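Heads up, data24.txt below (compact mmCIF, C-alpha atoms and all ligand atoms):
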```txt
# COMPACT_ATOMS: atom_id res chain seq x y z
CA MET E 1 0.00 0.00 0.00
CA ARG E 2 1.52 3.32 -1.08
CA ILE E 3 0.30 6.57 0.36
CA ALA E 4 1.36 9.87 -1.30
CA VAL E 5 1.89 12.84 1.00
CA PRO E 6 3.08 16.45 0.41
CA ASN E 7 6.88 16.64 0.17
CA LYS E 8 7.13 20.31 1.19
CA GLY E 9 5.08 23.42 1.69
CA ARG E 10 2.70 24.06 4.54
CA LEU E 11 1.03 20.64 4.36
CA HIS E 12 4.18 18.56 4.77
CA GLU E 13 4.76 18.80 8.52
CA PRO E 14 1.19 18.48 9.76
CA THR E 15 0.74 15.44 7.51
CA ILE E 16 3.85 13.67 8.83
CA ASP E 17 2.81 14.62 12.34
CA LEU E 18 -0.59 13.06 11.83
CA LEU E 19 0.88 9.84 10.40
CA GLU E 20 3.21 9.57 13.38
CA ARG E 21 0.40 10.16 15.85
CA ALA E 22 -1.61 7.47 14.09
CA GLY E 23 1.23 5.05 14.81
CA LEU E 24 2.57 4.99 11.25
CA HIS E 25 6.12 5.91 12.16
CA LEU E 26 8.41 6.69 9.19
CA GLU E 27 11.63 4.74 9.13
CA ASN E 28 15.18 5.89 8.31
CA GLY E 29 14.84 9.68 8.03
CA ALA E 30 12.27 11.00 5.61
CA ASP E 31 14.11 14.22 4.76
CA ARG E 32 14.78 14.89 1.08
CA LYS E 33 13.73 11.42 0.10
CA LEU E 34 11.19 10.42 -2.50
CA TYR E 35 9.73 7.71 -0.36
CA ALA E 36 9.99 6.22 3.14
CA GLU E 37 9.19 2.86 4.62
CA THR E 38 7.05 2.79 7.73
CA VAL E 39 6.78 0.55 10.80
CA ASP E 40 4.08 -1.27 8.85
CA PRO E 41 5.95 -3.36 6.24
CA GLU E 42 2.92 -3.13 3.98
CA VAL E 43 2.82 0.68 3.93
CA THR E 44 5.21 2.94 1.97
CA VAL E 45 4.97 6.72 2.04
CA LEU E 46 5.69 8.59 -1.24
CA PHE E 47 6.59 12.27 -1.15
CA ALA E 48 5.08 14.36 -3.93
CA ARG E 49 3.96 17.94 -4.56
CA ALA E 50 0.53 18.58 -3.09
CA ALA E 51 -0.71 19.41 -6.62
CA ASP E 52 0.60 16.15 -8.10
CA ILE E 53 -0.85 13.79 -5.49
CA PRO E 54 -4.25 13.34 -7.18
CA GLU E 55 -2.48 12.23 -10.39
CA TYR E 56 -0.23 9.87 -8.45
CA ILE E 57 -3.29 8.13 -7.04
CA ALA E 58 -5.31 8.12 -10.25
CA ASP E 59 -2.36 6.80 -12.31
CA GLY E 60 -1.58 3.98 -9.85
CA ALA E 61 1.73 5.28 -8.46
CA ALA E 62 -0.01 5.28 -5.08
CA GLU E 63 -3.28 3.84 -3.81
CA MET E 64 -3.95 6.53 -1.25
CA GLY E 65 -2.98 10.15 -0.68
CA ILE E 66 -3.26 13.13 1.57
CA THR E 67 -3.74 16.56 -0.01
CA GLY E 68 -6.08 19.55 -0.21
CA LEU E 69 -9.52 19.17 -1.73
CA ASP E 70 -8.63 22.18 -3.91
CA GLN E 71 -5.82 20.14 -5.49
CA VAL E 72 -8.07 17.17 -6.16
CA ARG E 73 -10.71 19.35 -7.83
CA GLU E 74 -8.08 21.15 -9.87
CA SER E 75 -6.58 17.86 -11.06
CA GLY E 76 -9.81 16.82 -12.73
CA GLN E 77 -9.42 13.38 -11.08
CA ALA E 78 -12.10 13.85 -8.41
CA ASP E 79 -14.29 11.21 -10.12
CA ARG E 80 -11.68 8.50 -9.68
CA LEU E 81 -10.83 9.31 -6.08
CA ALA E 82 -12.88 8.54 -3.02
CA GLU E 83 -12.67 10.93 -0.11
CA LEU E 84 -12.27 8.89 3.08
CA LEU E 85 -11.70 11.47 5.77
CA ASP E 86 -11.56 15.21 6.40
CA LEU E 87 -8.27 15.67 8.23
CA GLU E 88 -9.31 19.15 9.34
CA PHE E 89 -6.14 21.09 8.64
CA GLY E 90 -5.12 23.25 5.65
CA ARG E 91 -8.53 24.84 5.90
CA CYS E 92 -8.86 27.59 3.31
CA ARG E 93 -11.22 29.02 0.73
CA LEU E 94 -10.72 29.51 -2.98
CA VAL E 95 -12.27 32.88 -3.68
CA LEU E 96 -12.92 35.19 -6.58
CA ALA E 97 -11.45 38.55 -5.62
CA ALA E 98 -11.02 41.91 -7.34
CA PRO E 99 -9.46 45.30 -6.47
CA GLU E 100 -11.33 46.98 -3.59
CA ASP E 101 -11.62 50.29 -5.37
CA GLY E 102 -12.38 48.91 -8.84
CA ASP E 103 -15.63 48.47 -10.77
CA ILE E 104 -16.01 44.71 -10.20
CA GLU E 105 -18.53 44.06 -7.45
CA SER E 106 -20.27 40.91 -8.58
CA VAL E 107 -19.61 37.85 -10.74
CA GLU E 108 -21.64 39.41 -13.60
CA ASP E 109 -19.18 42.32 -13.78
CA LEU E 110 -16.59 39.86 -15.12
CA ALA E 111 -18.20 39.59 -18.56
CA GLY E 112 -15.44 40.15 -21.13
CA ARG E 113 -12.81 40.48 -18.42
CA THR E 114 -9.75 38.43 -17.38
CA VAL E 115 -9.23 36.25 -14.29
CA ALA E 116 -5.77 35.08 -13.19
CA THR E 117 -5.38 31.93 -11.13
CA GLU E 118 -3.29 28.93 -10.19
CA PHE E 119 -6.54 26.95 -10.41
CA PRO E 120 -7.70 27.30 -14.06
CA HIS E 121 -9.75 24.08 -14.06
CA VAL E 122 -11.74 24.91 -10.93
CA THR E 123 -12.11 28.51 -12.13
CA ARG E 124 -13.53 27.48 -15.53
CA GLU E 125 -15.92 25.10 -13.79
CA PHE E 126 -17.06 27.90 -11.51
CA PHE E 127 -17.79 30.25 -14.41
CA ALA E 128 -19.49 27.49 -16.39
CA ASP E 129 -22.30 27.73 -13.82
CA THR E 130 -22.63 31.49 -14.27
CA ALA E 131 -23.83 33.72 -17.09
CA VAL E 132 -20.35 35.08 -17.75
CA ASP E 133 -17.35 33.57 -19.48
CA PRO E 134 -14.21 35.59 -18.68
CA GLU E 135 -10.79 34.74 -20.07
CA VAL E 136 -8.88 32.60 -17.55
CA VAL E 137 -5.13 33.19 -17.38
CA GLU E 138 -2.99 30.60 -15.59
CA VAL E 139 -0.21 31.84 -13.32
CA THR E 140 2.05 29.84 -11.01
CA GLY E 141 2.29 32.20 -8.04
CA ALA E 142 1.95 35.78 -6.76
CA THR E 143 -1.57 35.76 -8.18
CA GLU E 144 -2.58 38.67 -5.94
CA LEU E 145 -0.24 40.94 -7.87
CA THR E 146 -1.82 40.42 -11.30
CA PRO E 147 -4.77 42.88 -10.99
CA HIS E 148 -2.29 45.62 -10.10
CA VAL E 149 -0.09 45.12 -13.14
CA GLU E 150 -2.91 44.93 -15.69
CA MET E 151 -2.49 41.22 -16.23
CA ALA E 152 -5.96 40.49 -14.94
CA ASP E 153 -9.13 42.18 -13.69
CA ALA E 154 -9.72 39.67 -10.92
CA ILE E 155 -8.20 36.54 -9.40
CA VAL E 156 -9.26 33.18 -8.04
CA ASP E 157 -6.91 32.32 -5.19
CA ILE E 158 -6.58 30.75 -1.77
CA THR E 159 -7.39 32.76 1.32
CA SER E 160 -7.44 31.74 4.96
CA THR E 161 -6.75 34.64 7.33
CA GLY E 162 -7.49 37.16 4.55
CA THR E 163 -4.21 39.00 5.20
CA THR E 164 -2.76 38.53 1.72
CA LEU E 165 -5.92 39.83 0.02
CA LYS E 166 -6.05 42.80 2.36
CA VAL E 167 -2.39 43.72 1.89
CA ASN E 168 -2.99 43.63 -1.86
CA ARG E 169 -6.23 45.68 -1.56
CA LEU E 170 -8.40 42.93 -2.98
CA ALA E 171 -11.99 42.23 -1.91
CA VAL E 172 -13.79 38.88 -2.04
CA ILE E 173 -16.53 38.80 -4.68
CA ASP E 174 -17.60 35.18 -4.27
CA GLU E 175 -16.52 31.83 -2.83
CA VAL E 176 -15.46 29.24 -5.39
CA LEU E 177 -14.57 26.33 -3.08
CA SER E 178 -14.17 25.60 0.58
CA SER E 179 -11.18 23.29 1.11
CA SER E 180 -9.27 21.36 3.73
CA VAL E 181 -6.84 18.48 3.66
CA ARG E 182 -8.48 15.11 3.11
CA LEU E 183 -7.51 11.46 2.94
CA PHE E 184 -8.19 10.04 -0.52
CA ALA E 185 -8.02 6.57 -2.04
CA ARG E 186 -8.49 5.41 -5.63
CA ASP E 187 -12.09 4.30 -5.92
CA ASP E 188 -11.16 0.69 -6.81
CA VAL E 189 -9.19 0.11 -3.58
CA VAL E 190 -11.56 1.71 -1.07
CA ASP E 191 -12.78 -1.62 0.29
CA GLU E 192 -9.34 -3.14 0.80
CA PRO E 193 -8.68 -3.92 4.48
CA LYS E 194 -5.40 -1.97 4.56
CA VAL E 195 -7.16 1.16 3.27
CA GLN E 196 -9.80 0.89 5.94
CA GLU E 197 -7.13 0.18 8.57
CA LEU E 198 -5.31 3.39 7.67
CA ARG E 199 -8.55 5.34 7.64
CA THR E 200 -9.40 4.08 11.13
CA ALA E 201 -5.91 4.87 12.44
CA LEU E 202 -6.03 8.47 11.16
CA SER E 203 -9.61 8.90 12.28
CA SER E 204 -8.71 7.73 15.80
CA VAL E 205 -6.22 10.59 16.12
CA LEU E 206 -8.85 13.14 15.09
CA THR E 207 -11.38 11.66 17.50
CA ALA E 208 -8.86 11.81 20.36
CA ASP E 209 -8.02 15.47 19.61
CA GLY E 210 -9.40 17.74 22.29
CA LYS E 211 -10.29 14.82 24.56
CA ARG E 212 -8.80 13.90 27.95
CA TYR E 213 -8.83 10.68 29.95
CA LEU E 214 -9.94 11.12 33.54
CA MET E 215 -9.21 8.56 36.27
CA MET E 216 -10.28 8.76 39.90
CA ASN E 217 -11.12 6.72 42.94
CA VAL E 218 -14.64 6.87 44.30
CA PRO E 219 -16.25 5.36 47.43
CA GLU E 220 -18.95 2.97 46.26
CA ASP E 221 -21.72 4.89 47.98
CA ARG E 222 -20.69 8.07 46.06
CA LEU E 223 -20.65 6.36 42.69
CA ASP E 224 -24.05 7.56 41.52
CA ALA E 225 -23.27 11.13 42.52
CA VAL E 226 -19.97 11.02 40.58
CA ARG E 227 -21.54 9.33 37.57
CA ASP E 228 -24.13 12.11 37.41
CA VAL E 229 -21.53 14.84 36.92
CA ILE E 230 -19.32 13.09 34.36
CA PRO E 231 -20.19 14.25 30.87
CA GLY E 232 -18.97 12.47 27.87
CA LEU E 233 -18.65 9.57 25.59
CA GLY E 234 -20.89 6.79 26.86
CA GLY E 235 -20.84 5.79 30.48
CA PRO E 236 -17.67 5.82 32.58
CA THR E 237 -15.74 2.57 33.12
CA ILE E 238 -15.95 1.33 36.72
CA MET E 239 -13.28 -1.02 38.08
CA ASP E 240 -12.42 -2.61 41.39
CA VAL E 241 -9.32 -1.26 43.11
CA ALA E 242 -6.95 -3.86 44.61
CA ASN E 243 -7.02 -3.40 48.39
CA GLY E 244 -9.19 -0.35 47.78
CA GLY E 245 -11.68 -1.12 50.52
CA ASP E 246 -15.00 0.36 49.51
CA LYS E 247 -13.40 2.34 46.66
CA VAL E 248 -13.75 1.74 42.94
CA ALA E 249 -11.80 3.29 40.08
CA VAL E 250 -13.76 5.39 37.59
CA HIS E 251 -12.33 6.15 34.14
CA ALA E 252 -13.96 8.46 31.60
CA VAL E 253 -13.22 10.30 28.37
CA VAL E 254 -14.24 13.95 28.51
CA ASP E 255 -13.89 17.00 26.27
CA GLU E 256 -10.83 19.04 27.13
CA ARG E 257 -13.02 22.08 27.70
CA ASP E 258 -15.10 20.24 30.30
CA VAL E 259 -12.11 18.97 32.31
CA PHE E 260 -11.82 21.85 34.74
CA GLU E 261 -15.47 21.90 35.68
CA THR E 262 -15.69 18.11 35.82
CA ILE E 263 -12.77 17.85 38.24
CA THR E 264 -14.40 20.37 40.57
CA GLU E 265 -17.70 18.52 40.44
CA VAL E 266 -16.41 14.94 40.88
CA LYS E 267 -14.28 16.11 43.80
CA ARG E 268 -17.33 17.68 45.41
CA ALA E 269 -19.23 14.44 44.74
CA GLY E 270 -16.61 12.44 46.68
CA ALA E 271 -13.90 11.42 44.17
CA SER E 272 -10.19 11.46 45.10
CA ASP E 273 -6.82 10.68 43.46
CA ILE E 274 -7.97 12.34 40.24
CA LEU E 275 -5.65 11.89 37.26
CA VAL E 276 -5.97 13.60 33.86
CA THR E 277 -4.03 12.33 30.83
CA GLU E 278 -3.91 13.02 27.11
CA ILE E 279 -5.31 10.49 24.68
CA GLU E 280 -3.21 9.49 21.69
CA ARG E 281 -5.90 7.67 19.76
CA LEU E 282 -9.51 6.81 20.27
CA VAL E 283 -11.15 4.12 18.14
CA GLU E 284 -14.89 4.35 18.60
N1 LIG A 1 -3.02 30.14 3.45
C1 LIG A 1 -3.44 28.89 3.52
N2 LIG A 1 -4.14 28.44 4.57
C2 LIG A 1 -4.55 27.16 4.65
N3 LIG A 1 -4.29 26.24 3.70
C3 LIG A 1 -3.59 26.62 2.64
C4 LIG A 1 -3.13 27.95 2.49
N4 LIG A 1 -2.44 28.03 1.34
C5 LIG A 1 -2.49 26.81 0.82
N5 LIG A 1 -3.19 25.95 1.57
C6 LIG A 1 -3.44 24.52 1.30
O1 LIG A 1 -2.17 23.92 1.11
C7 LIG A 1 -2.08 23.38 -0.19
C8 LIG A 1 -0.66 23.48 -0.67
O2 LIG A 1 -0.19 24.80 -0.53
P1 LIG A 1 1.35 25.10 -0.26
O3 LIG A 1 1.50 26.55 -0.31
O4 LIG A 1 1.83 24.36 0.92
O5 LIG A 1 2.02 24.36 -1.38
P2 LIG A 1 2.39 24.93 -2.74
O6 LIG A 1 2.31 26.41 -2.73
O7 LIG A 1 1.60 24.16 -3.73
O8 LIG A 1 3.89 24.44 -2.71
P3 LIG A 1 4.88 24.44 -3.89
O9 LIG A 1 4.22 25.13 -5.04
O10 LIG A 1 6.06 25.18 -3.32
O11 LIG A 1 5.16 22.97 -4.11
C9 LIG A 1 -3.10 24.17 -0.98
O12 LIG A 1 -3.51 23.46 -2.11
C10 LIG A 1 -4.20 24.34 0.02
O13 LIG A 1 -4.98 23.15 0.09
O1 LIG A 2 -5.34 34.52 3.70
P1 LIG A 2 -3.90 34.31 4.03
O2 LIG A 2 -3.72 33.79 5.41
O3 LIG A 2 -3.07 35.54 3.80
O4 LIG A 2 -3.32 33.14 3.10
C1 LIG A 2 -3.42 33.20 1.70
C2 LIG A 2 -2.11 32.99 1.01
O5 LIG A 2 -1.54 31.74 1.41
C3 LIG A 2 -1.09 31.06 0.25
O6 LIG A 2 0.18 31.44 -0.09
P2 LIG A 2 1.47 30.76 0.57
O7 LIG A 2 1.75 31.40 1.89
O8 LIG A 2 1.32 29.29 0.56
O9 LIG A 2 2.62 31.17 -0.39
P3 LIG A 2 2.91 30.61 -1.88
O10 LIG A 2 2.28 31.63 -2.78
O11 LIG A 2 4.38 30.62 -1.94
O12 LIG A 2 2.32 29.26 -2.02
C4 LIG A 2 -2.08 31.52 -0.82
O13 LIG A 2 -1.54 31.34 -2.11
C5 LIG A 2 -2.31 32.96 -0.47
O14 LIG A 2 -1.40 33.80 -1.12
MG MG A 3 1.31 28.08 -1.28
```

What is this file in structure tokens?
Amino acid sequence: MRIAVPNKGRLHEPTIDLLERAGLHLENGADRKLYAETVDPEVTVLFARAADIPEYIADGAAEMGITGLDQVRESGQADRLAELLDLEFGRCRLVLAAPEDGDIESVEDLAGRTVATEFPHVTREFFADTAVDPEVVEVTGATELTPHVEMADAIVDITSTGTTLKVNRLAVIDEVLSSSVRLFARDDVVDEPKVQELRTALSSVLTADGKRYLMMNVPEDRLDAVRDVIPGLGGPTIMDVANGGDKVAVHAVVDERDVFETITEVKRAGASDILVTEIERLVE
């Protein structure tokens, strides 16, 4: 099983980090290499440009891949790829934007005009659904500059914080696509056990994010009171404590944001020896 991941750029590190947290440790230094073996002898990681990953999967160089939805749509391979999981980073929007002080205020104003973008395919698809058909000019970077040097009247580009648009005095006219990084597999391998295994491993990291594991000792006669104040995923786990007398151990998974309040409440309800730990993975 080969999984293609971004070799550089802003998606590289968070992707490697996620694989590691999912237990898919990369072997013998991944830096500057084209591929890396992992602790799982059946899984090889291929490093490719984020924009090339959809092609890698569609052409059979890899079975799975991690990249932005924007890249998959732009590749024109979306039909052959199945989206397995939203990995919830690299969140951004592809937007149509034009100079703040110009005469373009709506999509219709682009009739007979020019739009510069690194995403010509997605841009043409967007305009195909409108009444206007501007000329689309492909650029490979610094797209925000083009309206200021008379190369284009508007752009379709990525925005997240909005800083780059603002610095370049560009205003959003419309949203073209909302994107984040996703796990993809070629549609003919989706049901293979290894694909599902990897999906579950990555998903377990996302599920564990923002969750804490709470452990405490509770006198048996206070158990109901403690149980009442523990929020969370299903009921708590109750276990006997060796030589614990009338005490039992209570374990529960709670949202990070509920931890502070929960500790106060279980303590008041009679719990002691309260321990809070992080959760690496949580398979539901
Ligand atoms: N500002 C941003 N905020 C969030 N996600 C972003 C942002 N810019 C890009 N992305 C996401 O990251 C993906 C890759 O962008 P990145 O800039 O890392 O690579 P790149 O510019 O394609 O790299 P290179 O061209 O140097 O190989 C984009 O397709 C998009 O999904
Ligand atoms: O809304 P913002 O937070 O300002 O982010 C948007 C910018 O981020 C990306 O560029 P990146 O930083 O990846 O540089 P690049 O052009 O070299 O890819 C994108 O191409 C925008 O220019
Ligand atoms: Mg970039």

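Distances here use only C-alpha atoms and all ligand atoms; by that measure, the residue among E:Arg10, E:Arg2, E:Lys33, E:Lys194 closest to ligand LIG 1 (chain A) is E:Arg10.
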
Shell of 10 Å around region 158-174 of chain E, only C-alpha atoms, local chain residues under 3 positions omitted, as a VMD selection string: chain E and resid 70 90 to 102 104 to 107 117 to 119 143 to 145 147 to 148 154 to 155 177 to 179

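Taking atom O12 of ligand LIG 1 (chain A) and CA of Thr44 (chain E) as the two end points, the separation is 22.7 Å.
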
List every protein, DNA or RNA residue with an atom no more than 10 Å from (-15.4, 2.4, 19.6) in the file's coordinates, counting all atoms listed in the file, and format the result as a ChimeraX atom specification. /E:204,233,282-284

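In this comparison, which uses only C-alpha atoms and all ligand atoms, the residue of E:Ala78, E:Ile53, E:Val139, E:Leu85 approaching ligand LIG 2 (chain A) most closely is E:Val139.
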
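One distance worth recording is that between CA of Thr123 (chain E) and CA of Ala50 (chain E), which is 18.4 Å.
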
Using only C-alpha atoms, determine which residues lie at most 12 Å from Thr15 (chain E), disregarding the query and same-chain residues fewer than 2 positions distant; provide the list as number ranges by chain. E: 3-13, 17-22, 24-26, 45, 47, 50, 65-68, 87-90, 181-183, 202

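Interatomic distance, CA of Val226 (chain E) against CA of Lys247 (chain E): 12.5 Å.
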
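The shortest atom-to-atom distance to Pro134 (chain E), with only C-alpha atoms taken into account, belongs to E:Val115 out of E:Ala152, E:Ile16, E:Val43, E:Val115.
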
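Take the candidates E:Gly235, E:Gly141, E:Pro193, E:Pro219 and check each one against ligand MG 3 (chain A) using all atoms listed in the file; the shortest distance goes to E:Gly141.
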
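In terms of minimum interatomic distance to ligand LIG 1 (chain A), E:Ala48 ranks closest within E:Ala48, E:Val156, E:Val266, E:Val248, counting all atoms listed in the file.
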
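Of the listed residues (E:Arg49, E:Leu110, E:Asn217, E:Arg281), E:Asn217 comes nearest to Ala242 (chain E); the distances count only C-alpha atoms.
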
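With only the atoms specified (all atoms listed in the file) counting, those residues at most 8 Å away from (-0.1, 38.6, -16.6) are Ala116, Val137, Val139, Thr146, Val149, Glu150, Met151 and Ala152 of chain E.
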
Neighbouring residues of Ile238 (chain E) were defined as those with any atom within 8 Å, considering all atoms listed in the file; residues of the same chain fewer than 2 positions away were excluded. Please report them as a PyMOL selection string. chain E and resi 236+240+248-251

Polymer residues at most 12 Å from Asp188 (chain E), all atoms listed in the file, same-chain spacing of 5 or more positions, as a list in words: Ile57, Ala58, Gly60, Glu63, Met64, Asp79, Arg80, Leu81, Ala82 and Val195 of chain E

Export region 45-96 of chain E from the structure block above, keeping C-alpha atoms, as a CSV table (one decimal), in the first residue's frame.
```csv
chain,number,residue,atom,x,y,z
E,45,VAL,CA,5.0,6.7,2.0
E,46,LEU,CA,5.7,8.6,-1.2
E,47,PHE,CA,6.6,12.3,-1.2
E,48,ALA,CA,5.1,14.4,-3.9
E,49,ARG,CA,4.0,17.9,-4.6
E,50,ALA,CA,0.5,18.6,-3.1
E,51,ALA,CA,-0.7,19.4,-6.6
E,52,ASP,CA,0.6,16.1,-8.1
E,53,ILE,CA,-0.8,13.8,-5.5
E,54,PRO,CA,-4.3,13.3,-7.2
E,55,GLU,CA,-2.5,12.2,-10.4
E,56,TYR,CA,-0.2,9.9,-8.4
E,57,ILE,CA,-3.3,8.1,-7.0
E,58,ALA,CA,-5.3,8.1,-10.2
E,59,ASP,CA,-2.4,6.8,-12.3
E,60,GLY,CA,-1.6,4.0,-9.9
E,61,ALA,CA,1.7,5.3,-8.5
E,62,ALA,CA,0.0,5.3,-5.1
E,63,GLU,CA,-3.3,3.8,-3.8
E,64,MET,CA,-3.9,6.5,-1.2
E,65,GLY,CA,-3.0,10.2,-0.7
E,66,ILE,CA,-3.3,13.1,1.6
E,67,THR,CA,-3.7,16.6,0.0
E,68,GLY,CA,-6.1,19.6,-0.2
E,69,LEU,CA,-9.5,19.2,-1.7
E,70,ASP,CA,-8.6,22.2,-3.9
E,71,GLN,CA,-5.8,20.1,-5.5
E,72,VAL,CA,-8.1,17.2,-6.2
E,73,ARG,CA,-10.7,19.4,-7.8
E,74,GLU,CA,-8.1,21.1,-9.9
E,75,SER,CA,-6.6,17.9,-11.1
E,76,GLY,CA,-9.8,16.8,-12.7
E,77,GLN,CA,-9.4,13.4,-11.1
E,78,ALA,CA,-12.1,13.8,-8.4
E,79,ASP,CA,-14.3,11.2,-10.1
E,80,ARG,CA,-11.7,8.5,-9.7
E,81,LEU,CA,-10.8,9.3,-6.1
E,82,ALA,CA,-12.9,8.5,-3.0
E,83,GLU,CA,-12.7,10.9,-0.1
E,84,LEU,CA,-12.3,8.9,3.1
E,85,LEU,CA,-11.7,11.5,5.8
E,86,ASP,CA,-11.6,15.2,6.4
E,87,LEU,CA,-8.3,15.7,8.2
E,88,GLU,CA,-9.3,19.1,9.3
E,89,PHE,CA,-6.1,21.1,8.6
E,90,GLY,CA,-5.1,23.2,5.6
E,91,ARG,CA,-8.5,24.8,5.9
E,92,CYS,CA,-8.9,27.6,3.3
E,93,ARG,CA,-11.2,29.0,0.7
E,94,LEU,CA,-10.7,29.5,-3.0
E,95,VAL,CA,-12.3,32.9,-3.7
E,96,LEU,CA,-12.9,35.2,-6.6
```
